[in-house]
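Asker: mmCIF, C-alpha atoms and all ligand atoms, file query_10.cif:
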data_coords
#
loop_
_atom_site.label_atom_id
_atom_site.label_comp_id
_atom_site.auth_asym_id
_atom_site.auth_seq_id
_atom_site.Cartn_x
_atom_site.Cartn_y
_atom_site.Cartn_z
CA MET A 1 79.80 58.93 105.18
CA ASP A 2 81.35 60.63 108.22
CA ASP A 3 81.14 64.39 108.40
CA PHE A 4 83.86 65.67 110.73
CA GLY A 5 82.43 69.18 110.42
CA PRO A 6 83.59 72.54 109.05
CA VAL A 7 87.33 73.10 108.63
CA GLY A 8 86.75 76.57 110.07
CA GLU A 9 88.53 78.41 107.29
CA GLY A 10 87.39 79.99 104.04
CA ALA A 11 84.18 81.46 102.67
CA SER A 12 82.83 78.16 101.31
CA MET A 13 82.60 76.75 104.86
CA ALA A 14 84.04 73.47 103.59
CA HIS A 15 83.82 70.29 105.67
CA TYR A 16 86.32 67.54 106.38
CA VAL A 17 84.62 64.21 105.55
CA ARG A 18 85.26 60.51 105.07
CA ALA A 19 83.20 59.06 102.22
CA GLU A 20 81.77 55.59 101.73
CA ASN A 21 84.89 54.58 99.77
CA GLY A 22 86.96 55.14 102.94
CA SER A 23 88.85 58.10 101.50
CA GLU A 24 88.89 61.55 103.05
CA TYR A 25 87.92 64.76 101.33
CA LEU A 26 87.56 68.49 101.74
CA ALA A 27 83.89 68.82 100.77
CA LYS A 28 81.95 71.80 99.45
CA SER A 29 78.20 72.05 99.05
CA PRO A 30 75.69 74.76 98.06
CA SER A 31 74.07 74.06 101.44
CA PHE A 32 77.09 75.01 103.58
CA ASN A 33 76.98 78.73 102.85
CA PRO A 34 73.59 79.66 101.36
CA GLY A 35 75.14 82.93 100.16
CA LEU A 36 77.41 80.91 97.83
CA PRO A 37 75.13 78.44 96.03
CA TYR A 38 77.50 77.83 93.10
CA VAL A 39 80.70 76.80 94.90
CA ALA A 40 80.41 73.11 93.99
CA ALA A 41 79.49 73.84 90.35
CA ASN A 42 82.42 76.24 90.01
CA GLU A 43 84.82 73.72 91.53
CA PHE A 44 83.57 70.87 89.38
CA ILE A 45 83.72 72.75 86.09
CA ALA A 46 87.11 74.32 86.87
CA VAL A 47 88.81 71.02 87.72
CA GLY A 48 87.27 69.45 84.60
CA LEU A 49 88.73 72.25 82.47
CA ALA A 50 92.08 72.04 84.29
CA SER A 51 92.16 68.36 83.44
CA ILE A 52 91.67 69.12 79.74
CA VAL A 53 94.76 71.34 79.74
CA VAL A 54 96.55 68.88 82.04
CA LEU A 55 97.08 71.29 84.93
CA PRO A 56 97.82 69.76 88.34
CA VAL A 57 94.73 69.65 90.59
CA LEU A 58 93.82 67.39 93.51
CA ASP A 59 91.86 64.24 92.70
CA TYR A 60 88.16 64.81 93.21
CA LYS A 61 84.85 63.01 93.60
CA ILE A 62 81.15 63.75 93.84
CA ILE A 63 80.00 62.63 97.30
CA GLU A 64 76.39 61.75 98.13
CA ASN A 65 74.91 62.71 101.47
CA GLY A 66 71.21 61.85 101.35
CA ALA A 67 69.68 64.11 98.72
CA ASP A 68 72.64 66.47 98.92
CA LEU A 69 75.64 66.22 96.62
CA TRP A 70 79.01 67.51 97.75
CA PHE A 71 82.15 68.25 95.76
CA GLY A 72 85.11 66.52 97.40
CA SER A 73 88.79 67.14 96.76
CA SER A 74 91.26 64.62 98.22
CA TRP A 75 92.13 65.50 101.78
CA ILE A 76 95.76 66.44 102.29
CA GLU A 77 97.27 67.29 105.63
CA LYS A 78 98.29 70.88 106.21
CA ASN A 79 101.92 71.41 107.31
CA LYS A 80 102.67 67.74 106.78
CA SER A 81 101.95 67.37 103.09
CA PHE A 82 101.39 70.96 102.02
CA TYR A 83 102.62 74.34 103.20
CA PRO A 84 99.89 76.41 104.88
CA ALA A 85 100.60 79.46 102.72
CA LEU A 86 102.62 79.97 99.56
CA SER A 87 105.34 82.65 99.56
CA LYS A 88 107.84 84.04 97.08
CA GLU A 89 110.55 81.81 98.60
CA LEU A 90 108.41 78.66 98.46
CA PHE A 91 107.28 79.42 94.91
CA ALA A 92 110.94 79.72 93.86
CA ARG A 93 111.51 76.17 95.15
CA ALA A 94 108.60 74.58 93.28
CA GLY A 95 109.75 71.93 90.83
CA ASN A 96 107.01 72.97 88.42
CA LYS A 97 107.16 76.77 88.75
CA SER A 98 107.34 77.04 84.96
CA ARG A 99 103.60 76.28 85.17
CA CYS A 100 103.20 80.00 85.97
CA TYR A 101 102.27 80.56 82.30
CA ASP A 102 99.50 77.98 82.31
CA ILE A 103 98.24 79.06 85.73
CA ALA A 104 98.00 82.75 84.82
CA THR A 105 96.34 81.95 81.50
CA PHE A 106 93.89 79.53 83.10
CA ASP A 107 92.89 82.14 85.70
CA TYR A 108 92.26 84.66 82.91
CA TRP A 109 90.09 82.12 81.13
CA ILE A 110 87.89 81.10 84.05
CA TYR A 111 87.88 84.62 85.56
CA ASN A 112 89.51 83.53 88.79
CA THR A 113 90.16 86.54 90.99
CA ASP A 114 90.90 84.38 94.02
CA ARG A 115 94.35 82.88 93.40
CA HIS A 116 96.00 83.93 96.66
CA VAL A 117 98.61 82.29 98.92
CA HIS A 118 96.10 79.71 100.22
CA ASN A 119 94.69 78.75 96.82
CA LEU A 120 97.88 77.71 95.05
CA LEU A 121 99.26 74.90 97.17
CA LEU A 122 102.83 73.70 97.39
CA ARG A 123 102.74 70.01 98.27
CA LYS A 124 105.71 68.27 99.82
CA GLN A 125 106.05 64.56 99.23
CA ALA A 126 108.86 62.17 100.02
CA THR A 127 109.94 60.43 96.82
CA GLY A 128 112.49 58.04 98.33
CA GLY A 129 116.21 58.48 98.89
CA GLY A 130 115.48 61.42 101.20
CA VAL A 131 114.31 63.57 98.27
CA VAL A 132 111.21 65.68 98.86
CA ALA A 133 109.25 66.75 95.80
CA GLU A 134 107.73 70.21 96.12
CA LEU A 135 105.12 70.79 93.46
CA LEU A 136 102.44 73.41 92.90
CA VAL A 137 98.81 72.30 92.76
CA LEU A 138 95.96 74.59 91.74
CA ASN A 139 93.27 74.58 94.40
CA ASP A 140 89.98 76.28 95.29
CA HIS A 141 88.07 77.42 92.23
CA SER A 142 84.82 77.97 94.08
CA HIS A 143 84.95 81.74 93.48
CA ALA A 144 85.88 81.61 89.77
CA LEU A 145 83.24 81.44 86.99
CA ILE A 146 79.91 82.28 88.70
CA GLN A 147 80.81 85.10 91.08
CA ALA A 148 79.56 85.48 94.64
CA GLY A 149 76.18 87.20 94.86
CA THR A 150 75.40 86.61 91.17
CA SER A 151 73.82 83.92 89.04
CA PRO A 152 74.85 82.52 85.61
CA ALA A 153 72.53 85.05 83.93
CA ASP A 154 74.86 87.79 85.19
CA MET A 155 77.95 86.31 83.53
CA THR A 156 77.50 88.44 80.41
CA ASN A 157 78.17 91.49 82.63
CA TYR A 158 81.77 90.43 83.23
CA VAL A 159 82.52 88.19 80.25
CA GLY A 160 85.04 90.79 79.01
CA GLU A 161 86.58 91.58 82.40
CA ILE A 162 90.21 91.08 83.36
CA PRO A 163 90.72 89.15 86.61
CA ALA A 164 93.05 90.45 89.32
CA LEU A 165 96.20 88.32 89.57
CA HIS A 166 97.05 88.68 93.24
CA LEU A 167 100.28 86.72 93.48
CA ASP A 168 103.13 89.14 92.70
CA PHE A 169 105.72 86.34 92.49
CA LEU A 170 103.55 84.47 89.99
CA ARG A 171 103.14 87.55 87.79
CA GLU A 172 106.89 88.27 88.02
CA ALA A 173 107.73 84.70 86.99
CA VAL A 174 106.09 85.28 83.60
CA THR A 175 109.20 86.37 81.69
CA SER A 176 108.74 84.80 78.25
CA ALA A 177 106.18 86.17 75.81
CA SER A 178 106.46 83.06 73.65
CA SER A 179 105.74 80.68 76.57
CA LEU A 180 102.73 82.78 77.51
CA SER A 181 101.55 82.71 73.92
CA ALA A 182 101.90 78.90 73.89
CA SER A 183 99.68 78.66 76.99
CA VAL A 184 97.05 80.82 75.30
CA GLU A 185 97.17 78.63 72.18
CA LEU A 186 96.65 75.53 74.30
CA ILE A 187 93.39 76.91 75.70
CA GLN A 188 92.29 78.39 72.38
CA GLY A 189 92.70 74.95 70.83
CA ILE A 190 90.02 73.44 73.05
CA PRO A 191 86.93 72.77 70.90
CA ASP A 192 83.44 73.90 72.01
CA GLU A 193 82.37 70.27 72.44
CA LYS A 194 84.97 69.58 75.10
CA ILE A 195 83.93 72.64 77.10
CA ARG A 196 80.30 71.64 76.67
CA SER A 197 80.94 68.13 77.83
CA VAL A 198 82.62 69.32 81.05
CA CYS A 199 79.82 71.80 81.79
CA ARG A 200 77.04 69.33 80.99
CA SER A 201 78.42 66.70 83.30
CA THR A 202 77.78 69.04 86.26
CA PRO A 203 75.07 67.57 88.53
CA GLN A 204 71.65 69.22 88.16
CA GLU A 205 71.65 69.77 91.91
CA TRP A 206 74.46 72.29 91.42
CA LEU A 207 73.56 73.84 88.08
CA LYS A 208 70.34 73.70 86.08
CA ASP A 209 70.45 72.92 82.34
CA LYS A 210 69.69 76.50 81.33
CA GLU A 211 72.42 77.78 83.64
CA THR A 212 74.92 75.28 82.24
CA VAL A 213 74.48 76.74 78.77
CA LEU A 214 75.30 80.22 80.10
CA VAL A 215 78.54 78.98 81.66
CA GLU A 216 79.48 77.27 78.37
CA GLN A 217 78.90 80.50 76.45
CA PHE A 218 80.97 82.44 78.97
CA LEU A 219 83.87 80.01 78.63
CA CYS A 220 83.76 79.90 74.82
CA THR A 221 83.69 83.69 74.56
CA ARG A 222 86.57 84.13 76.99
CA ARG A 223 88.58 81.40 75.26
CA ASP A 224 88.22 83.26 71.95
CA ASN A 225 89.15 86.61 73.55
CA LEU A 226 91.92 85.26 75.77
CA ARG A 227 94.83 86.77 73.86
CA LYS A 228 93.15 90.18 73.76
CA LEU A 229 92.27 90.04 77.47
CA ILE A 230 95.91 89.35 78.30
CA ASN A 231 97.30 91.89 75.85
CA ASP A 232 94.95 94.58 77.16
CA SER A 233 96.42 94.07 80.63
CA ILE A 234 99.98 93.08 79.71
CA VAL A 235 101.38 95.65 82.20
CA VAL A 236 100.42 93.35 85.09
CA LEU A 237 103.22 91.04 83.91
CA PRO A 238 106.16 93.37 84.62
CA ALA A 239 108.95 91.26 83.08
CA LEU A 240 107.31 91.49 79.64
CA LYS A 241 107.79 95.28 79.72
CA GLY A 242 104.59 95.94 77.81
CA LYS A 243 105.45 93.50 74.99
CA LYS A 244 102.22 92.01 73.69
CA ILE A 245 101.88 88.35 72.82
N1 LIG A 301 92.12 69.10 99.82
C1 LIG A 301 92.34 69.69 100.99
N2 LIG A 301 92.70 68.98 102.08
C2 LIG A 301 92.91 69.57 103.27
N3 LIG A 301 92.80 70.89 103.48
C3 LIG A 301 92.44 71.66 102.43
C4 LIG A 301 92.21 71.11 101.13
N4 LIG A 301 91.88 72.12 100.28
C5 LIG A 301 91.91 73.21 101.03
N5 LIG A 301 92.25 72.97 102.31
C6 LIG A 301 92.34 73.94 103.41
O1 LIG A 301 91.04 74.42 103.69
C7 LIG A 301 90.96 75.83 103.48
C8 LIG A 301 89.65 76.15 102.75
O2 LIG A 301 89.63 75.50 101.50
P1 LIG A 301 89.40 76.29 100.14
O3 LIG A 301 89.30 75.29 99.04
O4 LIG A 301 90.43 77.34 99.98
O5 LIG A 301 87.94 76.90 100.36
P2 LIG A 301 87.29 78.36 100.37
O6 LIG A 301 86.52 78.43 99.10
O7 LIG A 301 86.41 78.35 101.55
O8 LIG A 301 88.39 79.38 100.44
C9 LIG A 301 92.21 76.20 102.67
O9 LIG A 301 92.70 77.46 102.98
C10 LIG A 301 93.20 75.11 103.02
O10 LIG A 301 94.00 75.49 104.13
MG MG A 302 90.26 79.34 99.54
#
Translate this file's structure into structure tokens.

Answerer:
Amino acid sequence: MDDFGPVGEGASMAHYVRAENGSEYLAKSPSFNPGLPYVAANEFIAVGLASIVVLPVLDYKIIENGADLWFGSSWIEKNKSFYPALSKELFARAGNKSRCYDIATFDYWIYNTDRHVHNLLLRKQATGGGVVAELLVLNDHSHALIQAGTSPADMTNYVGEIPALHLDFLREAVTSASSLSASVELIQGIPDEKIRSVCRSTPQEWLKDKETVLVEQFLCTRRDNLRKLINDSIVVLPALKGKKI
């Protein structure tokens, strides 16, 4: 494995690496920023959950570096294959902007307070015939779930909390109460066993067994309360004009 060093951006102090399979990744490890020991666990569980609800995320791998395990998401080139920062104008161009319902609901579920203009990527990919596809991809879940400066035992303290949705244009795009309700139903239909299986596949190096159970409980409780969490804060979605789902 080649470690090209820190990318020099972001709290996780992620590295740009080439793994033994010859592919390149943005890698995160508990060892990069000792103040954030759960970044890889948070990433791994969040992308596993995103995959259950079929949300677009980058392909990912667990990368071995000696005794250390790193979470790797497929390397994509800034400016060339994704825009460095999302904006209202770019969001409006996204071919899959109707995913705003699933994205907002997912962030409520996993308590993601970090969905800002660098953590929802707009990829640009030539599709032939001069057409460029511009599609949103959810990225960077290292600060969702187990919050900075806390451990899984603290999750009960914020299991009922409402996350801040920072992207105004995303909140404003939520105009249909029935579409939002459908996104909630999708998550509420996920059985405990599926959540458990994602959490329990997290490497021990990132999350101990006892801690895994606490994350599972957090996710099951928030899944069951998802509609209430959203209804209690429905004013953050201005187009719904206070109409509950
Ligand atoms: N898969 C990727 N390939 C290339 N660059 C990336 C990738 N994911 C993120 N980046 C860039 O690296 C920065 C840090 O990554 P991010 O996942 O946001 O980590 P952090 O938790 O440190 O904020 C991002 O702002 C983005 O510009
Ligand atoms: Mg980030």

Asker: Enumerate as a ChimeraX atom specification the residues within 7 Å of ligand LIG 301 (chain A), counting all atoms listed in the file.

Answerer: /A:7,9-14,25-26,58,73-78,84,118-119,139-140,142-143

Asker: Identify which of the residues A:Leu55, A:Ile62, A:Val213, A:Ala173 lies closest to Cys100 (chain A), counting all atoms listed in the file when measuring atom-to-atom distances.

Answerer: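 The shortest atom-to-atom distance to Cys100 (chain A) comes from A:Ala173.
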
Asker: Identify the residues around (93.6, 81.8, 78.2) within a radius of 6 Å, measuring from only C-alpha atoms in the coordinates stated by the file, and give them as a PDB file with C-alpha atoms, keeping the file's coordinate frame.

Answerer:
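Once everything was written out, this is selection.pdb:
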ATOM      1  CA  THR A 105      96.340  81.950  81.500  1.00  0.00           C
ATOM      2  CA  PHE A 106      93.890  79.530  83.100  1.00  0.00           C
ATOM      3  CA  TYR A 108      92.260  84.660  82.910  1.00  0.00           C
ATOM      4  CA  TRP A 109      90.090  82.120  81.130  1.00  0.00           C
ATOM      5  CA  VAL A 184      97.050  80.820  75.300  1.00  0.00           C
ATOM      6  CA  ILE A 187      93.390  76.910  75.700  1.00  0.00           C
ATOM      7  CA  ARG A 223      88.580  81.400  75.260  1.00  0.00           C
ATOM      8  CA  LEU A 226      91.920  85.260  75.770  1.00  0.00           C
TER       9      LEU A 226
END

Asker: With only C-alpha atoms and all ligand atoms as the atoms that count, which of A:Asn79, A:Leu121, A:Asn65, A:Ser98 lies nearest to ligand MG 302 (chain A)?

Answerer: A:Leu121

Asker: Name the residues in contact with Asp3 (chain A) at a cut-off of 8 Å, using only C-alpha atoms, excluding same-chain residues fewer than 3 positions from it; report them as a PDB file with C-alpha atoms, in the coordinates of the input.

Answerer:
ATOM      1  CA  HIS A  15      83.820  70.290 105.670  1.00  0.00           C
ATOM      2  CA  TYR A  16      86.320  67.540 106.380  1.00  0.00           C
ATOM      3  CA  VAL A  17      84.620  64.210 105.550  1.00  0.00           C
ATOM      4  CA  ARG A  18      85.260  60.510 105.070  1.00  0.00           C
TER       5      ARG A  18
END

Asker: Find the spatial neighbours of Asn21 (chain A), counting only C-alpha atoms, within a cut-off of 10 Å - ignore same-chain residues fewer than 3 positions away - and output them as a ChimeraX atom specification.

Answerer: /A:1,18,24,63

Asker: May I have the selected residues written with C-alpha atoms, as a PDB file, keeping the file's coordinate frame?

Answerer:
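File again-v6.pdb, as written:
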ATOM      1  CA  MET A   1      79.800  58.930 105.180  1.00  0.00           C
ATOM      2  CA  ARG A  18      85.260  60.510 105.070  1.00  0.00           C
ATOM      3  CA  GLU A  24      88.890  61.550 103.050  1.00  0.00           C
ATOM      4  CA  ILE A  63      80.000  62.630  97.300  1.00  0.00           C
TER       5      ILE A  63
END

Asker: Which of these, A:Ile245, A:Leu170, A:Ala40, A:Ala177, has the shortest distance to Lys228 (chain A) once you count only C-alpha atoms?

Answerer: A:Ile245

Asker: Would you fill the gaps in region 37-60 of chain A so it has N, CA, C and O atoms, then print it as a PDB file, keeping the file's coordinate frame?

Answerer:
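What landed in part_13.pdb:
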ATOM      1  N   PRO A  37      75.759  79.676  96.509  1.00  0.00           N
ATOM      2  CA  PRO A  37      75.130  78.440  96.030  1.00  0.00           C
ATOM      3  C   PRO A  37      75.843  77.753  94.863  1.00  0.00           C
ATOM      4  O   PRO A  37      75.493  76.633  94.496  1.00  0.00           O
ATOM      5  N   TYR A  38      76.866  78.403  94.291  1.00  0.00           N
ATOM      6  CA  TYR A  38      77.500  77.830  93.100  1.00  0.00           C
ATOM      7  C   TYR A  38      78.917  77.300  93.355  1.00  0.00           C
ATOM      8  O   TYR A  38      79.641  76.996  92.409  1.00  0.00           O
ATOM      9  N   VAL A  39      79.302  77.196  94.629  1.00  0.00           N
ATOM     10  CA  VAL A  39      80.700  76.800  94.900  1.00  0.00           C
ATOM     11  C   VAL A  39      81.028  75.420  94.309  1.00  0.00           C
ATOM     12  O   VAL A  39      82.096  75.231  93.726  1.00  0.00           O
ATOM     13  N   ALA A  40      80.116  74.467  94.469  1.00  0.00           N
ATOM     14  CA  ALA A  40      80.410  73.110  93.990  1.00  0.00           C
ATOM     15  C   ALA A  40      80.429  73.080  92.459  1.00  0.00           C
ATOM     16  O   ALA A  40      81.290  72.424  91.852  1.00  0.00           O
ATOM     17  N   ALA A  41      79.509  73.783  91.829  1.00  0.00           N
ATOM     18  CA  ALA A  41      79.490  73.840  90.350  1.00  0.00           C
ATOM     19  C   ALA A  41      80.779  74.471  89.835  1.00  0.00           C
ATOM     20  O   ALA A  41      81.408  73.965  88.899  1.00  0.00           O
ATOM     21  N   ASN A  42      81.184  75.568  90.445  1.00  0.00           N
ATOM     22  CA  ASN A  42      82.420  76.240  90.010  1.00  0.00           C
ATOM     23  C   ASN A  42      83.628  75.317  90.162  1.00  0.00           C
ATOM     24  O   ASN A  42      84.474  75.228  89.268  1.00  0.00           O
ATOM     25  N   GLU A  43      83.702  74.640  91.293  1.00  0.00           N
ATOM     26  CA  GLU A  43      84.820  73.720  91.530  1.00  0.00           C
ATOM     27  C   GLU A  43      84.832  72.607  90.481  1.00  0.00           C
ATOM     28  O   GLU A  43      85.862  72.292  89.901  1.00  0.00           O
ATOM     29  N   PHE A  44      83.671  72.019  90.272  1.00  0.00           N
ATOM     30  CA  PHE A  44      83.570  70.870  89.380  1.00  0.00           C
ATOM     31  C   PHE A  44      83.944  71.236  87.949  1.00  0.00           C
ATOM     32  O   PHE A  44      84.709  70.518  87.285  1.00  0.00           O
ATOM     33  N   ILE A  45      83.424  72.342  87.467  1.00  0.00           N
ATOM     34  CA  ILE A  45      83.720  72.750  86.090  1.00  0.00           C
ATOM     35  C   ILE A  45      85.202  73.137  85.965  1.00  0.00           C
ATOM     36  O   ILE A  45      85.888  72.740  85.023  1.00  0.00           O
ATOM     37  N   ALA A  46      85.702  73.879  86.954  1.00  0.00           N
ATOM     38  CA  ALA A  46      87.110  74.320  86.870  1.00  0.00           C
ATOM     39  C   ALA A  46      88.085  73.146  86.870  1.00  0.00           C
ATOM     40  O   ALA A  46      89.030  73.133  86.081  1.00  0.00           O
ATOM     41  N   VAL A  47      87.853  72.145  87.727  1.00  0.00           N
ATOM     42  CA  VAL A  47      88.810  71.020  87.720  1.00  0.00           C
ATOM     43  C   VAL A  47      88.676  70.204  86.423  1.00  0.00           C
ATOM     44  O   VAL A  47      89.664  69.665  85.932  1.00  0.00           O
ATOM     45  N   GLY A  48      87.464  70.150  85.887  1.00  0.00           N
ATOM     46  CA  GLY A  48      87.270  69.450  84.600  1.00  0.00           C
ATOM     47  C   GLY A  48      88.042  70.153  83.483  1.00  0.00           C
ATOM     48  O   GLY A  48      88.691  69.505  82.656  1.00  0.00           O
ATOM     49  N   LEU A  49      88.003  71.482  83.487  1.00  0.00           N
ATOM     50  CA  LEU A  49      88.730  72.250  82.470  1.00  0.00           C
ATOM     51  C   LEU A  49      90.236  72.127  82.696  1.00  0.00           C
ATOM     52  O   LEU A  49      91.012  71.985  81.747  1.00  0.00           O
ATOM     53  N   ALA A  50      90.647  72.178  83.967  1.00  0.00           N
ATOM     54  CA  ALA A  50      92.080  72.040  84.290  1.00  0.00           C
ATOM     55  C   ALA A  50      92.587  70.698  83.788  1.00  0.00           C
ATOM     56  O   ALA A  50      93.707  70.590  83.291  1.00  0.00           O
ATOM     57  N   SER A  51      91.741  69.679  83.897  1.00  0.00           N
ATOM     58  CA  SER A  51      92.160  68.360  83.440  1.00  0.00           C
ATOM     59  C   SER A  51      92.342  68.325  81.925  1.00  0.00           C
ATOM     60  O   SER A  51      93.238  67.645  81.426  1.00  0.00           O
ATOM     61  N   ILE A  52      91.519  69.078  81.203  1.00  0.00           N
ATOM     62  CA  ILE A  52      91.670  69.120  79.740  1.00  0.00           C
ATOM     63  C   ILE A  52      93.046  69.690  79.364  1.00  0.00           C
ATOM     64  O   ILE A  52      93.712  69.195  78.474  1.00  0.00           O
ATOM     65  N   VAL A  53      93.458  70.742  80.069  1.00  0.00           N
ATOM     66  CA  VAL A  53      94.760  71.340  79.740  1.00  0.00           C
ATOM     67  C   VAL A  53      95.892  70.738  80.584  1.00  0.00           C
ATOM     68  O   VAL A  53      97.004  71.248  80.606  1.00  0.00           O
ATOM     69  N   VAL A  54      95.569  69.653  81.264  1.00  0.00           N
ATOM     70  CA  VAL A  54      96.550  68.880  82.040  1.00  0.00           C
ATOM     71  C   VAL A  54      97.287  69.739  83.072  1.00  0.00           C
ATOM     72  O   VAL A  54      98.517  69.700  83.178  1.00  0.00           O
ATOM     73  N   LEU A  55      96.522  70.521  83.817  1.00  0.00           N
ATOM     74  CA  LEU A  55      97.080  71.290  84.930  1.00  0.00           C
ATOM     75  C   LEU A  55      96.956  70.461  86.204  1.00  0.00           C
ATOM     76  O   LEU A  55      95.969  69.730  86.367  1.00  0.00           O
ATOM     77  N   PRO A  56      97.913  70.571  87.125  1.00  0.00           N
ATOM     78  CA  PRO A  56      97.820  69.760  88.340  1.00  0.00           C
ATOM     79  C   PRO A  56      96.746  70.248  89.309  1.00  0.00           C
ATOM     80  O   PRO A  56      96.779  71.399  89.769  1.00  0.00           O
ATOM     81  N   VAL A  57      95.772  69.385  89.575  1.00  0.00           N
ATOM     82  CA  VAL A  57      94.730  69.650  90.590  1.00  0.00           C
ATOM     83  C   VAL A  57      94.638  68.418  91.484  1.00  0.00           C
ATOM     84  O   VAL A  57      95.123  67.340  91.104  1.00  0.00           O
ATOM     85  N   LEU A  58      94.012  68.547  92.628  1.00  0.00           N
ATOM     86  CA  LEU A  58      93.820  67.390  93.510  1.00  0.00           C
ATOM     87  C   LEU A  58      92.773  66.465  92.887  1.00  0.00           C
ATOM     88  O   LEU A  58      91.862  66.936  92.194  1.00  0.00           O
ATOM     89  N   ASP A  59      92.900  65.166  93.146  1.00  0.00           N
ATOM     90  CA  ASP A  59      91.860  64.240  92.700  1.00  0.00           C
ATOM     91  C   ASP A  59      90.539  64.637  93.342  1.00  0.00           C
ATOM     92  O   ASP A  59      90.528  65.170  94.459  1.00  0.00           O
ATOM     93  N   TYR A  60      89.452  64.355  92.679  1.00  0.00           N
ATOM     94  CA  TYR A  60      88.160  64.810  93.210  1.00  0.00           C
ATOM     95  C   TYR A  60      87.066  63.787  92.951  1.00  0.00           C
ATOM     96  O   TYR A  60      87.193  62.935  92.073  1.00  0.00           O
TER      97      TYR A  60
END
